[in-house]
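What's in run04.cif: mmCIF, C-alpha atoms and all ligand atoms
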```cif
data_structure
loop_
_atom_site.label_atom_id
_atom_site.label_comp_id
_atom_site.auth_asym_id
_atom_site.auth_seq_id
_atom_site.Cartn_x
_atom_site.Cartn_y
_atom_site.Cartn_z
CA MET A 14 -50.96 48.52 42.61
CA SER A 15 -49.93 45.97 40.03
CA ILE A 16 -49.90 47.43 36.56
CA ILE A 17 -49.16 45.78 33.25
CA VAL A 18 -47.76 47.66 30.28
CA MET A 19 -48.48 46.18 26.84
CA LYS A 20 -46.77 47.70 23.80
CA PHE A 21 -47.88 46.95 20.24
CA GLY A 22 -45.72 47.69 17.20
CA GLY A 23 -46.83 48.97 13.81
CA THR A 24 -47.30 45.57 12.13
CA SER A 25 -49.52 44.51 15.04
CA LEU A 26 -51.76 47.51 14.29
CA ALA A 27 -51.45 47.45 10.50
CA ASP A 28 -55.18 47.48 9.68
CA ILE A 29 -58.64 47.30 11.21
CA ASN A 30 -58.47 43.53 11.74
CA CYS A 31 -55.11 43.80 13.43
CA ILE A 32 -56.40 46.53 15.74
CA ARG A 33 -59.37 44.28 16.64
CA ASN A 34 -56.92 41.49 17.42
CA VAL A 35 -54.98 43.83 19.71
CA ALA A 36 -58.22 44.93 21.39
CA ASN A 37 -59.06 41.28 22.09
CA LYS A 38 -55.66 40.76 23.69
CA VAL A 39 -56.15 43.79 25.90
CA GLN A 40 -59.69 42.69 26.79
CA ALA A 41 -58.40 39.28 27.91
CA GLN A 42 -56.13 41.01 30.46
CA TYR A 43 -58.88 43.44 31.46
CA LEU A 44 -61.18 40.53 32.27
CA LYS A 45 -58.47 39.25 34.61
CA ASN A 46 -58.93 42.51 36.52
CA LYS A 47 -55.53 43.88 35.56
CA LYS A 48 -54.69 47.58 35.52
CA ILE A 49 -53.52 48.10 31.98
CA VAL A 50 -51.49 50.67 30.11
CA VAL A 51 -51.18 50.14 26.37
CA VAL A 52 -48.49 51.86 24.33
CA VAL A 53 -49.05 51.92 20.58
CA SER A 54 -46.94 52.56 17.50
CA ALA A 55 -48.31 54.09 14.32
CA MET A 56 -49.99 51.71 11.87
CA ALA A 57 -47.34 49.98 9.71
CA GLY A 58 -45.86 52.27 7.07
CA THR A 59 -47.53 55.40 8.45
CA THR A 60 -44.45 57.03 9.96
CA ASP A 61 -42.44 56.45 6.77
CA ASN A 62 -45.19 58.17 4.79
CA LEU A 63 -45.36 61.07 7.21
CA VAL A 64 -41.58 61.52 7.03
CA LYS A 65 -41.81 61.57 3.22
CA LEU A 66 -44.57 64.17 3.37
CA THR A 67 -42.40 66.51 5.43
CA GLU A 68 -39.48 65.99 3.03
CA ASN A 69 -41.62 66.69 -0.02
CA MET A 70 -43.19 69.73 1.58
CA SER A 71 -40.09 71.59 2.65
CA SER A 72 -36.34 71.33 2.50
CA SER A 73 -35.78 73.50 5.55
CA ARG A 74 -35.82 70.61 8.04
CA ASP A 75 -37.96 72.45 10.56
CA LEU A 76 -37.64 69.76 13.21
CA LYS A 77 -40.27 71.21 15.56
CA GLU A 78 -42.94 70.93 12.89
CA TYR A 79 -41.48 67.61 11.69
CA ASP A 80 -42.26 66.25 15.16
CA VAL A 81 -45.82 67.60 14.99
CA VAL A 82 -46.38 65.73 11.73
CA VAL A 83 -44.64 62.42 12.40
CA SER A 84 -46.01 62.02 15.93
CA SER A 85 -49.55 62.00 14.52
CA GLY A 86 -49.42 58.36 13.39
CA GLU A 87 -49.43 57.17 16.98
CA GLN A 88 -52.33 59.47 17.82
CA VAL A 89 -54.43 57.76 15.16
CA SER A 90 -53.72 54.24 16.45
CA ALA A 91 -54.37 55.29 20.05
CA GLY A 92 -57.78 56.72 19.19
CA LEU A 93 -58.74 53.75 17.02
CA LEU A 94 -57.76 51.24 19.69
CA ALA A 95 -59.58 53.17 22.44
CA MET A 96 -62.83 53.28 20.45
CA THR A 97 -62.55 49.57 19.60
CA LEU A 98 -62.10 48.70 23.27
CA ASN A 99 -65.07 50.87 24.27
CA ASP A 100 -67.18 49.01 21.67
CA LEU A 101 -66.17 45.77 23.40
CA GLY A 102 -67.33 47.15 26.74
CA VAL A 103 -63.78 47.72 27.97
CA LYS A 104 -63.51 51.20 29.46
CA ALA A 105 -60.56 52.88 27.75
CA ARG A 106 -59.24 56.31 26.85
CA SER A 107 -56.33 57.72 24.93
CA TRP A 108 -53.68 60.01 26.43
CA MET A 109 -51.39 62.05 24.21
CA GLY A 110 -47.81 62.61 25.36
CA TRP A 111 -48.59 66.22 26.35
CA GLN A 112 -51.69 65.24 28.32
CA ILE A 113 -49.87 62.87 30.66
CA PRO A 114 -47.33 64.64 30.38
CA ILE A 115 -44.20 62.82 29.21
CA PHE A 116 -41.54 65.54 29.44
CA THR A 117 -38.52 65.36 27.14
CA ASP A 118 -35.59 67.59 26.31
CA SER A 119 -35.86 69.84 23.25
CA ILE A 120 -33.73 67.77 20.90
CA HIS A 121 -36.45 67.50 18.31
CA TYR A 122 -36.63 64.35 16.20
CA LYS A 123 -34.58 62.35 18.71
CA ALA A 124 -35.59 63.65 22.11
CA ASN A 125 -34.79 61.99 25.44
CA ILE A 126 -37.38 61.49 28.14
CA ASP A 127 -36.64 63.53 31.28
CA ARG A 128 -39.60 62.61 33.47
CA ILE A 129 -43.12 61.26 33.32
CA GLU A 130 -45.89 62.55 35.56
CA THR A 131 -47.96 59.58 36.58
CA GLU A 132 -50.74 61.20 38.63
CA ASN A 133 -53.29 61.46 35.81
CA LEU A 134 -52.57 57.97 34.59
CA ILE A 135 -52.82 56.42 38.02
CA SER A 136 -56.16 58.02 38.79
CA SER A 137 -57.48 56.80 35.44
CA LEU A 138 -56.20 53.27 36.12
CA CYS A 139 -57.80 53.32 39.57
CA GLN A 140 -61.16 53.86 37.87
CA HIS A 141 -60.48 50.66 36.00
CA GLU A 142 -59.95 52.49 32.74
CA VAL A 143 -57.41 51.20 30.22
CA ALA A 144 -54.92 53.96 29.36
CA ILE A 145 -53.87 54.02 25.71
CA ILE A 146 -50.69 55.98 25.13
CA PRO A 147 -49.15 56.84 21.79
CA GLY A 148 -45.53 55.76 21.80
CA PHE A 149 -42.75 57.86 20.28
CA GLN A 150 -44.09 61.22 21.43
CA GLY A 151 -43.48 63.59 24.31
CA VAL A 152 -43.59 67.26 25.09
CA SER A 153 -40.71 69.64 25.78
CA GLU A 154 -40.56 72.12 28.66
CA GLU A 155 -41.23 74.76 25.96
CA ASN A 156 -44.57 73.03 25.42
CA ARG A 157 -43.73 71.72 21.94
CA ILE A 158 -44.43 68.18 20.75
CA THR A 159 -41.28 66.05 20.47
CA THR A 160 -40.51 62.58 19.11
CA LEU A 161 -37.99 60.09 20.47
CA GLY A 162 -36.33 58.93 17.24
CA ARG A 163 -37.35 56.09 14.91
CA GLY A 164 -38.43 52.97 16.75
CA GLY A 165 -39.00 55.17 19.80
CA SER A 166 -42.25 53.55 20.93
CA ASP A 167 -40.20 50.86 22.64
CA ILE A 168 -38.52 53.61 24.66
CA SER A 169 -41.92 55.08 25.59
CA ALA A 170 -43.18 51.69 26.76
CA VAL A 171 -40.14 50.92 28.91
CA ALA A 172 -40.06 54.45 30.36
CA ILE A 173 -43.74 54.33 31.27
CA ALA A 174 -43.41 50.87 32.82
CA ALA A 175 -40.47 52.10 34.91
CA ALA A 176 -42.29 55.28 35.97
CA LEU A 177 -45.33 53.27 37.04
CA ASN A 178 -43.23 50.64 38.81
CA ALA A 179 -44.74 47.92 36.65
CA ASN A 180 -43.37 44.40 37.13
CA SER A 181 -42.53 44.05 33.47
CA CYS A 182 -43.11 45.54 30.06
CA ASP A 183 -44.64 43.30 27.41
CA ILE A 184 -43.54 44.19 23.87
CA TYR A 185 -45.86 42.57 21.33
CA THR A 186 -44.38 42.39 17.86
CA ASP A 187 -44.42 40.46 14.57
CA VAL A 188 -41.84 37.91 15.73
CA ASP A 189 -42.36 35.64 18.70
CA GLY A 190 -39.15 36.45 20.55
CA ILE A 191 -35.42 36.93 20.28
CA TYR A 192 -33.58 34.27 18.29
CA THR A 193 -30.02 32.98 18.31
CA ALA A 194 -29.77 34.50 14.80
CA ASP A 195 -32.18 35.96 12.29
CA PRO A 196 -34.35 32.94 11.36
CA ARG A 197 -34.72 34.25 7.82
CA MET A 198 -30.99 33.80 7.36
CA VAL A 199 -30.43 30.80 9.63
CA PRO A 200 -33.31 28.33 9.45
CA LYS A 201 -31.90 26.41 12.43
CA ALA A 202 -32.04 29.48 14.70
CA GLN A 203 -33.73 28.91 18.06
CA LYS A 204 -35.82 31.15 20.21
CA LEU A 205 -34.08 32.19 23.43
CA GLU A 206 -36.09 31.78 26.60
CA LYS A 207 -34.04 34.42 28.39
CA VAL A 208 -31.41 36.91 27.38
CA SER A 209 -29.51 39.38 29.57
CA TYR A 210 -29.79 43.14 29.15
CA GLU A 211 -26.14 43.34 28.16
CA GLU A 212 -26.49 40.68 25.48
CA MET A 213 -29.68 42.27 24.17
CA LEU A 214 -27.99 45.64 24.10
CA GLU A 215 -25.18 44.23 21.99
CA MET A 216 -27.61 42.34 19.75
CA ALA A 217 -29.75 45.44 19.21
CA SER A 218 -26.80 47.68 18.47
CA GLN A 219 -25.13 45.04 16.28
CA GLY A 220 -28.10 44.84 13.95
CA ALA A 221 -30.87 42.71 15.52
CA LYS A 222 -33.86 44.96 14.96
CA VAL A 223 -36.50 43.60 17.36
CA LEU A 224 -35.96 46.10 20.18
CA GLN A 225 -34.79 49.68 19.92
CA THR A 226 -31.32 49.96 21.51
CA ARG A 227 -32.13 52.87 23.83
CA SER A 228 -35.13 51.02 25.23
CA VAL A 229 -32.87 48.13 26.28
CA ALA A 230 -30.44 50.52 27.99
CA LEU A 231 -33.36 52.08 29.85
CA ALA A 232 -34.74 48.70 30.95
CA MET A 233 -31.27 47.75 32.19
CA LYS A 234 -30.99 50.98 34.18
CA TYR A 235 -34.30 50.33 35.97
CA LYS A 236 -33.91 46.53 36.07
CA LEU A 237 -37.26 46.24 34.38
CA LYS A 238 -38.01 42.88 32.78
CA VAL A 239 -38.97 43.12 29.13
CA ASN A 240 -40.99 40.35 27.58
CA VAL A 241 -40.82 40.16 23.78
CA LEU A 242 -43.73 38.20 22.33
CA SER A 243 -45.91 37.77 19.28
CA SER A 244 -49.16 39.68 18.74
CA PHE A 245 -50.38 36.98 16.43
CA GLU A 246 -49.60 33.73 18.22
CA ASN A 247 -50.19 32.68 21.80
CA LYS A 248 -46.67 31.54 22.61
CA THR A 249 -44.24 32.38 25.35
CA GLY A 250 -41.71 34.90 24.15
CA THR A 251 -38.23 35.89 25.29
CA LEU A 252 -37.53 37.56 28.62
CA VAL A 253 -34.87 40.24 28.70
CA LEU A 254 -33.57 40.47 32.24
CA ASP A 255 -30.67 40.82 34.61
CA GLU A 256 -27.76 38.49 34.06
CA GLU A 257 -28.07 37.31 37.70
CA GLU A 258 -31.34 35.65 36.76
CA ILE A 259 -29.73 33.50 34.09
CA MET A 260 -28.33 30.31 35.56
CA GLU A 261 -26.55 28.93 32.54
CA LYS A 262 -24.42 31.66 31.05
CA LYS A 263 -23.55 30.67 27.52
CA ASN A 264 -20.31 31.62 25.79
CA VAL A 265 -22.32 32.59 22.77
CA SER A 266 -26.08 33.22 22.97
CA GLY A 267 -26.57 34.78 19.61
CA ILE A 268 -25.14 35.96 16.34
CA ALA A 269 -26.05 39.34 14.92
CA PHE A 270 -25.14 40.93 11.64
CA SER A 271 -25.31 44.27 9.94
CA LEU A 272 -25.02 45.31 6.32
CA ASP A 273 -25.30 48.96 7.23
CA GLU A 274 -21.63 49.76 7.67
CA ALA A 275 -18.85 50.80 5.32
CA LYS A 276 -15.09 50.68 5.76
CA LEU A 277 -12.69 53.53 5.21
CA THR A 278 -8.93 53.09 5.10
CA VAL A 279 -6.71 56.11 5.48
CA VAL A 280 -3.39 55.19 3.86
CA GLY A 281 0.05 56.54 4.71
CA ILE A 282 -0.50 58.52 7.88
CA PRO A 283 2.83 59.95 9.09
CA ASP A 284 3.56 58.09 12.32
CA LYS A 285 3.54 60.65 15.12
CA PRO A 286 1.39 61.32 18.20
CA GLY A 287 -2.01 63.00 17.89
CA GLN A 288 -2.94 61.87 14.37
CA ALA A 289 -5.80 59.51 15.29
CA SER A 290 -7.09 62.09 17.71
CA LYS A 291 -7.24 64.73 14.94
CA LEU A 292 -8.93 62.36 12.53
CA PHE A 293 -11.66 61.12 14.86
CA LYS A 294 -12.23 64.59 16.26
CA ALA A 295 -13.09 65.81 12.76
CA LEU A 296 -15.62 62.99 12.35
CA GLY A 297 -17.00 63.52 15.85
CA ALA A 298 -17.55 67.20 15.14
CA LYS A 299 -20.06 66.15 12.47
CA ALA A 300 -21.67 63.60 14.82
CA ILE A 301 -20.34 60.67 12.78
CA ASN A 302 -20.01 57.56 14.91
CA VAL A 303 -17.07 55.27 14.32
CA ASP A 304 -17.53 51.62 15.16
CA MET A 305 -14.61 49.27 14.48
CA ILE A 306 -11.04 50.56 14.29
CA VAL A 307 -7.68 48.98 13.32
CA GLN A 308 -4.33 50.59 12.86
CA SER A 309 -1.41 48.81 11.27
CA SER A 310 1.91 49.35 12.99
CA SER A 311 4.70 50.98 11.05
CA VAL A 312 7.54 48.53 11.15
CA ASP A 313 10.02 49.90 8.66
CA SER A 314 8.31 52.91 7.14
CA ASN A 315 7.29 55.97 9.08
CA ALA A 316 3.68 55.73 8.10
CA THR A 317 0.66 53.74 9.26
CA ASP A 318 -2.71 52.85 7.76
CA LEU A 319 -5.90 53.28 9.74
CA SER A 320 -9.13 51.47 8.91
CA PHE A 321 -12.48 52.11 10.55
CA THR A 322 -16.15 51.56 9.92
CA ILE A 323 -19.00 54.05 9.90
CA ALA A 324 -22.67 53.91 8.87
CA LYS A 325 -23.06 53.53 5.09
CA THR A 326 -25.40 56.50 5.10
CA GLU A 327 -22.51 58.64 6.39
CA LEU A 328 -19.90 57.46 3.90
CA LYS A 329 -20.12 60.46 1.56
CA GLU A 330 -19.90 62.94 4.41
CA SER A 331 -16.94 61.05 5.92
CA ILE A 332 -15.00 61.12 2.63
CA LYS A 333 -15.58 64.86 2.47
CA ILE A 334 -14.28 65.30 5.99
CA MET A 335 -11.17 63.24 5.21
CA GLY A 336 -10.55 65.44 2.18
CA ALA A 337 -10.70 68.52 4.39
CA ILE A 338 -8.08 67.24 6.85
CA GLN A 339 -5.74 65.46 4.39
CA LYS A 340 -3.22 68.26 4.25
CA ASP A 341 -3.11 68.81 7.97
CA ILE A 342 -2.57 65.10 8.76
CA GLY A 343 -0.48 64.46 5.69
CA PHE A 344 -1.84 61.05 4.69
CA LYS A 345 -1.61 59.72 1.12
CA LYS A 346 -5.13 58.62 0.20
CA VAL A 347 -8.46 57.20 1.37
CA LEU A 348 -9.83 53.84 0.23
CA THR A 349 -13.46 52.86 0.74
CA ASP A 350 -15.27 49.54 0.84
CA SER A 351 -19.03 49.39 1.25
CA ASP A 352 -19.54 45.78 0.20
CA VAL A 353 -18.97 44.56 3.73
CA ALA A 354 -20.91 42.79 6.46
CA LYS A 355 -20.26 42.87 10.16
CA ILE A 356 -20.90 39.67 12.09
CA SER A 357 -20.90 39.60 15.86
CA VAL A 358 -20.99 36.67 18.25
CA ILE A 359 -22.43 37.71 21.59
CA GLY A 360 -22.59 36.01 24.98
CA ILE A 361 -22.15 36.89 28.66
CA GLY A 362 -20.27 33.63 29.24
CA MET A 363 -17.33 35.20 27.36
CA LYS A 364 -16.59 37.30 30.43
CA THR A 365 -15.22 34.26 32.20
CA GLN A 366 -14.44 31.71 29.50
CA SER A 367 -11.78 31.89 26.82
CA GLY A 368 -11.49 30.37 23.37
CA VAL A 369 -14.42 32.07 21.68
CA ALA A 370 -12.29 34.27 19.43
CA GLN A 371 -10.16 31.30 18.44
CA LYS A 372 -13.19 29.25 17.51
CA MET A 373 -14.71 32.12 15.56
CA PHE A 374 -11.53 32.72 13.55
CA ASP A 375 -10.97 28.98 12.93
CA THR A 376 -14.53 28.55 11.68
CA LEU A 377 -14.24 31.44 9.25
CA ALA A 378 -10.77 30.36 8.12
CA GLU A 379 -12.09 26.90 7.31
CA LYS A 380 -14.51 28.52 4.87
CA SER A 381 -11.70 30.71 3.49
CA ILE A 382 -13.43 33.87 4.66
CA ASN A 383 -11.07 36.78 5.03
CA LEU A 384 -11.32 39.09 8.06
CA LYS A 385 -11.00 42.76 7.21
CA VAL A 386 -11.40 44.25 10.68
CA ILE A 387 -11.85 42.73 14.13
CA SER A 388 -13.20 44.37 17.26
CA THR A 389 -14.10 43.04 20.67
CA SER A 390 -15.85 43.97 23.88
CA GLU A 391 -16.22 42.00 27.09
CA ILE A 392 -19.17 40.02 25.74
CA LYS A 393 -18.83 40.37 21.96
CA ILE A 394 -16.48 39.68 19.08
CA SER A 395 -17.19 41.33 15.75
CA VAL A 396 -15.56 40.80 12.41
CA LEU A 397 -15.95 42.62 9.14
CA ILE A 398 -16.06 40.39 6.07
CA ASP A 399 -16.97 40.56 2.41
CA ALA A 400 -20.78 40.95 2.20
CA SER A 401 -21.11 38.02 -0.20
CA TYR A 402 -20.00 35.62 2.57
CA LEU A 403 -22.54 36.83 5.11
CA GLU A 404 -24.90 33.88 4.92
CA LEU A 405 -22.18 31.24 4.88
CA ALA A 406 -20.38 32.88 7.79
CA THR A 407 -23.49 33.29 9.92
CA ARG A 408 -24.64 29.72 9.39
CA SER A 409 -21.18 28.26 9.99
CA LEU A 410 -20.74 30.20 13.21
CA HIS A 411 -24.23 29.25 14.34
CA SER A 412 -23.33 25.57 14.01
CA ALA A 413 -19.83 25.96 15.43
CA PHE A 414 -21.18 27.52 18.62
CA ASP A 415 -23.81 24.75 19.03
CA LEU A 416 -26.75 27.04 18.51
CA ASP A 417 -28.48 24.95 15.82
CA LYS A 418 -31.88 23.63 16.77
CA GLU A 419 -32.35 19.87 16.65
CA LEU A 420 -34.39 19.05 13.61
CA ASN A 421 -37.13 16.47 14.26
CA ILE A 422 -36.65 13.98 11.50
N1 LIG B 501 -43.77 54.97 14.55
C1 LIG B 501 -42.40 55.25 14.91
C2 LIG B 501 -41.48 54.66 13.88
O1 LIG B 501 -41.92 54.03 12.94
C3 LIG B 501 -42.07 54.81 16.28
C4 LIG B 501 -42.22 53.34 16.52
O2 LIG B 501 -42.98 52.65 15.86
O3 LIG B 501 -41.56 52.83 17.41
O4 LIG B 501 -40.30 54.84 13.98
MG MG B 502 -40.28 48.82 16.54
#
```

Will you turn the file into structure tokens for me?
Amino acid sequence: MSIIVMKFGGTSLADINCIRNVANKVQAQYLKNKKIVVVVSAMAGTTDNLVKLTENMSSSRDLKEYDVVVSSGEQVSAGLLAMTLNDLGVKARSWMGWQIPIFTDSIHYKANIDRIETENLISSLCQHEVAIIPGFQGVSEENRITTLGRGGSDISAVAIAAALNANSCDIYTDVDGIYTADPRMVPKAQKLEKVSYEEMLEMASQGAKVLQTRSVALAMKYKLKVNVLSSFENKTGTLVLDEEEIMEKKNVSGIAFSLDEAKLTVVGIPDKPGQASKLFKALGAKAINVDMIVQSSSVDSNATDLSFTIAKTELKESIKIMGAIQKDIGFKKVLTDSDVAKISVIGIGMKTQSGVAQKMFDTLAEKSINLKVISTSEIKISVLIDASYLELATRSLHSAFDLDKELNI
């Protein structure tokens, strides 16, 4: 049975006209005799409002009831879309997470999907009924509603497509694909026809916000092709797929950036074994993720400095933690810098070709941009720079790595 999974994000369902537009898109596939599952997000802005409501109502952070409230946005869009389709003569029905069911663990507010029972869905699809599923929500083994974390509808869509053995998962959104850089920052950015899971994973985790990171990891695990395309224009989008299916592996396929990180420098750490371990253990105990790390070597003194980056939202907490372990580690002081931007160049070609780092550093040096921290992986090089240079750095790197689109003059 060939099934297609279509996922629509919040901006694609923002109001009644948008929902009609989505219904027309679904109808077009239905008329081609396709078996269709639609995964929907909440209407734009709804989840934010629901989160605010819970915060204003209670300070106790009752995450079980939080999930009951915030999952409701998706329920509304699912019902509205199903009734619109029925009006158009397209047989459709909504399925809540617990009705399917989509079983998750009990980590409320950022649950993980354990398994999806497909029997009910398949029998509905066999009756040529479109199944409309609210993204973001599941049910725990304790029979409580759970949510998958912000942006989680992408995870729902990919998980459902994998469970149903669909050929691909089509993610309809407000942009028409994945670009070599954010087109709002780099006007010469080009749409990528294909991008590998690994590259997409790096792009998503380095700040490109089109796909939720966990959904990309899931697609990679099941080798499920993900097609990112626009809900508003009829254009081909970007295919996210296995690297084997990309003939020409570029050194650099894209440039991502993030303004969401801050840098901490711990000055004067007595140079002896076990210090970094102590420091990062203390952060880890509070679930604070560290991204980039550099340690200066102690040449003539017996102390080193350690710099690392964390999410800006966790800066305050991190400073507190450092304060608590200062005596034990014996460092002098902590410096912070939150006016920073992280820029990453990403490409699977880097695995086999050298010279990318050199070119990146030369390009930034030419513009007199200072590098505060550097980190690398097999397919990515990231640098931390002063936030005010973000645009200049991104555009310069985009040109240097031949990503600029030809302008038709
Ligand atoms: N509505 C949820 C959110 O805004 C889930 C999603 O749209 O993916 O985070
Ligand atoms: Mg989204």

*Output the neighbourhood of ligand MG 502 (chain B) as an NGL selection string, that is, all protein and nucleic acid residues with some atom at most 12 Å from the ligand, counting only C-alpha atoms and all ligand atoms.*
:A and (20-26 or 52-58 or 60 or 148-149 or 162-170 or 184-188 or 217 or 221-228 or 241)

_Considering all atoms listed in the file, can you say which of A:Gly190, A:Gly110, A:Pro147, A:Gly343 comes closest to ligand LIG 501 (chain B)?_
A:Pro147

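Surrounding region 320-333 of chain A within 7 Å are Asp273, Glu274, Ala275, Lys276, Leu277, Thr278, Val279, Leu296, Asn302, Val303, Asp304, Met305, Ile306, Val307, Gln308 and Ser351 of chain A, with only C-alpha atoms counted and residues fewer than 6 positions along the same chain left out.
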
*Please indicate the distance in Å from CA of Met70 (chain A) to CA of Ile120 (chain A), rounded to one decimal place.*
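Rounded to one decimal, the two atoms are 21.6 Å apart.
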
_What's the separation between atom O3 of ligand LIG 501 (chain B) and CA of Ile259 (chain A), in Å to one decimal place?_
28.1 Å

*asked:* as a VMD selection string, please: the residues near region 363-366 of chain A (cut-off 8 Å, all atoms listed in the file, same-chain neighbours under 5 positions excluded).
replied: chain A and resid 263 to 265 391 to 393

*Leu94 (chain A) surroundings by all atoms listed in the file, 9 Å radius, close-in-sequence under 6 positions cut, as a list of chain:residue names*: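 Final neighbour list, sorted by chain and number: A:Leu26, A:Ile32, A:Arg33, A:Val35, A:Ala36, A:Val53, A:Ala105, A:Arg106, A:Ser107, A:Ile145.
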
*What does the distance from CA of Leu98 (chain A) to CA of Asn180 (chain A) come to in Å, to one decimal?*
23.7 Å

_Counting all atoms listed in the file, which residue out of A:Val18, A:Ala289, A:Val83, A:Met260 sits closest to ligand LIG 501 (chain B)?_
A:Val83

_Restricting the calculation to only C-alpha atoms: of A:Leu214, A:Ala179, A:Leu138, A:Ile301, which residue gets closest to Asn46 (chain A)?_
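Going through A:Leu214, A:Ala179, A:Leu138, A:Ile301 one by one, the smallest distance to Asn46 (chain A) is for A:Leu138.
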
*Return the single residue from A:Gly151, A:Gly362, A:Gly297, A:Gly336 that is closest to ligand LIG 501 (chain B), with distances computed using all atoms listed in the file.*
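The closest residue to ligand LIG 501 (chain B) is A:Gly151.
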